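Enquirer: The structure is given below, and queries will be raised subsequently.
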Amino acid sequence: MYLRITMGQAQPGKADELAARWKEHFGAQPAVPQLRHRYFSVDRATDMVASVGIWNTEPDEAQLQSAIEAFTAKVSDLVAVRPQVTTYEVLAEL
């Protein structure tokens with residue numbers, strides 16, 4: 001199993017709008033069988049946002065990078081810091 005974590009920063013007070021656009025954009029994407037679930041979260045004190053995807057297998061980097069670029073173009077007016085992406089292999093689960 002893999003976790004793909006995307007972190008960035010929303011413009012002040014824009015995290016809810018960013019989350020709504022994230023849900024609209026990625027919710028409209030075709031289903032990806034390897035993807036178990038996605039979450040979008042915010043630290044309201046700093047406007048830092050994080051998206052976490054839980055994958056059964058290691059995600060396709062090229063495909064995901066394309067999706068991130070398309071989404072980033074749609075939300076450039078809401079983003080203060082360009083997102084950084086990291087993928088982790090899960091070694092233990094409770």
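As shown in the structure tokens, the chain order sets the letters A, B, ...; within each chain, residues go from 1, and ligands are also counted from 1 in the order they appear.
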Give me the residues near range 30-44 of chain A as a PyMOL selection string, where near means some atom within 9 Å (using only C-alpha atoms) and where sequence neighbours in that chain fewer than 3 positions away do not count.
Expert: chain A and resi 9-10+12-13+15-16+19+22-23+26-27+47-59
Enquirer: Check the DSSP output for the backbone and give back, as number ranges by chain, the residues of chain A in strand (DSSP E).
Expert: A: 2-10, 35-43, 48-55, 79-89
Enquirer: Could you tell me how far CA of Ala28 in chain A lies from CA of Tyr88 in chain A, in Å and to one decimal?
Expert: 25.3 Å
Enquirer: Write out as a compact mmCIF listing (two decimals) with N, CA and C atoms, in the first residue's frame each polymer residue whose atoms come within 10 Å of range 64-75 of chain A, counting only C-alpha atoms; drop sequence neighbours fewer than 5 positions from it.
Expert:
# COMPACT_ATOMS: atom_id res chain seq x y z
N ARG A 4 0.19 8.86 -1.00
CA ARG A 4 0.70 9.95 -1.82
C ARG A 4 0.20 11.23 -1.17
N THR A 6 0.24 15.34 -1.01
CA THR A 6 0.49 16.59 -1.72
C THR A 6 0.24 17.72 -0.74
N ALA A 10 -2.84 27.50 0.72
CA ALA A 10 -3.91 28.27 0.11
C ALA A 10 -3.70 29.75 0.42
N GLU A 17 -12.75 27.03 -0.42
CA GLU A 17 -12.99 27.11 -1.86
C GLU A 17 -12.04 26.19 -2.61
N LEU A 18 -10.81 26.11 -2.16
CA LEU A 18 -9.84 25.20 -2.76
C LEU A 18 -10.30 23.75 -2.60
N ARG A 21 -13.12 23.00 -5.05
CA ARG A 21 -12.61 22.79 -6.42
C ARG A 21 -11.88 21.46 -6.53
N TRP A 22 -11.14 21.07 -5.48
CA TRP A 22 -10.45 19.78 -5.46
C TRP A 22 -11.46 18.65 -5.61
N HIS A 25 -12.97 18.71 -9.16
CA HIS A 25 -12.01 18.27 -10.18
C HIS A 25 -11.73 16.77 -10.10
N PHE A 26 -11.32 16.31 -8.92
CA PHE A 26 -10.94 14.91 -8.80
C PHE A 26 -12.15 13.98 -8.73
N GLN A 29 -13.01 12.84 -12.22
CA GLN A 29 -12.04 11.97 -12.90
C GLN A 29 -12.57 10.53 -12.94
N PRO A 59 1.34 4.41 -7.36
CA PRO A 59 0.66 5.14 -8.43
C PRO A 59 1.58 5.49 -9.58
N ARG A 82 3.04 26.62 -4.43
CA ARG A 82 2.87 25.48 -5.34
C ARG A 82 3.01 24.18 -4.56
N PRO A 83 2.16 23.18 -4.85
CA PRO A 83 2.18 21.94 -4.07
C PRO A 83 3.44 21.10 -4.32
N VAL A 85 4.81 17.08 -3.82
CA VAL A 85 4.24 15.73 -3.76
C VAL A 85 5.30 14.74 -3.29
Enquirer: From a DSSP calculation on the backbone, collect every residue of chain A in alpha helix (DSSP H) and output the set as number ranges by chain.
Expert: A: 15-27, 61-74
Enquirer: Pick out the closest residue to Leu78 in chain A from this set: A:Met1, A:Ala45, A:Val90, A:Ala20. Count only C-alpha atoms.
Expert: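 Of A:Met1, A:Ala45, A:Val90, A:Ala20, the one nearest Leu78 in chain A is A:Ala20, counting only C-alpha atoms.
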Enquirer: Work out how far CA of Glu24 in chain A is from CA of Glu89 in chain A, in Å to one decimal.
Expert: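 Between these atoms lies a distance of 27.4 Å.
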Enquirer: Quick one: pull the distance between CA of Gln63 in chain A and CA of Ile5 in chain A, Å, one decimal.
Expert: 15.3 Å
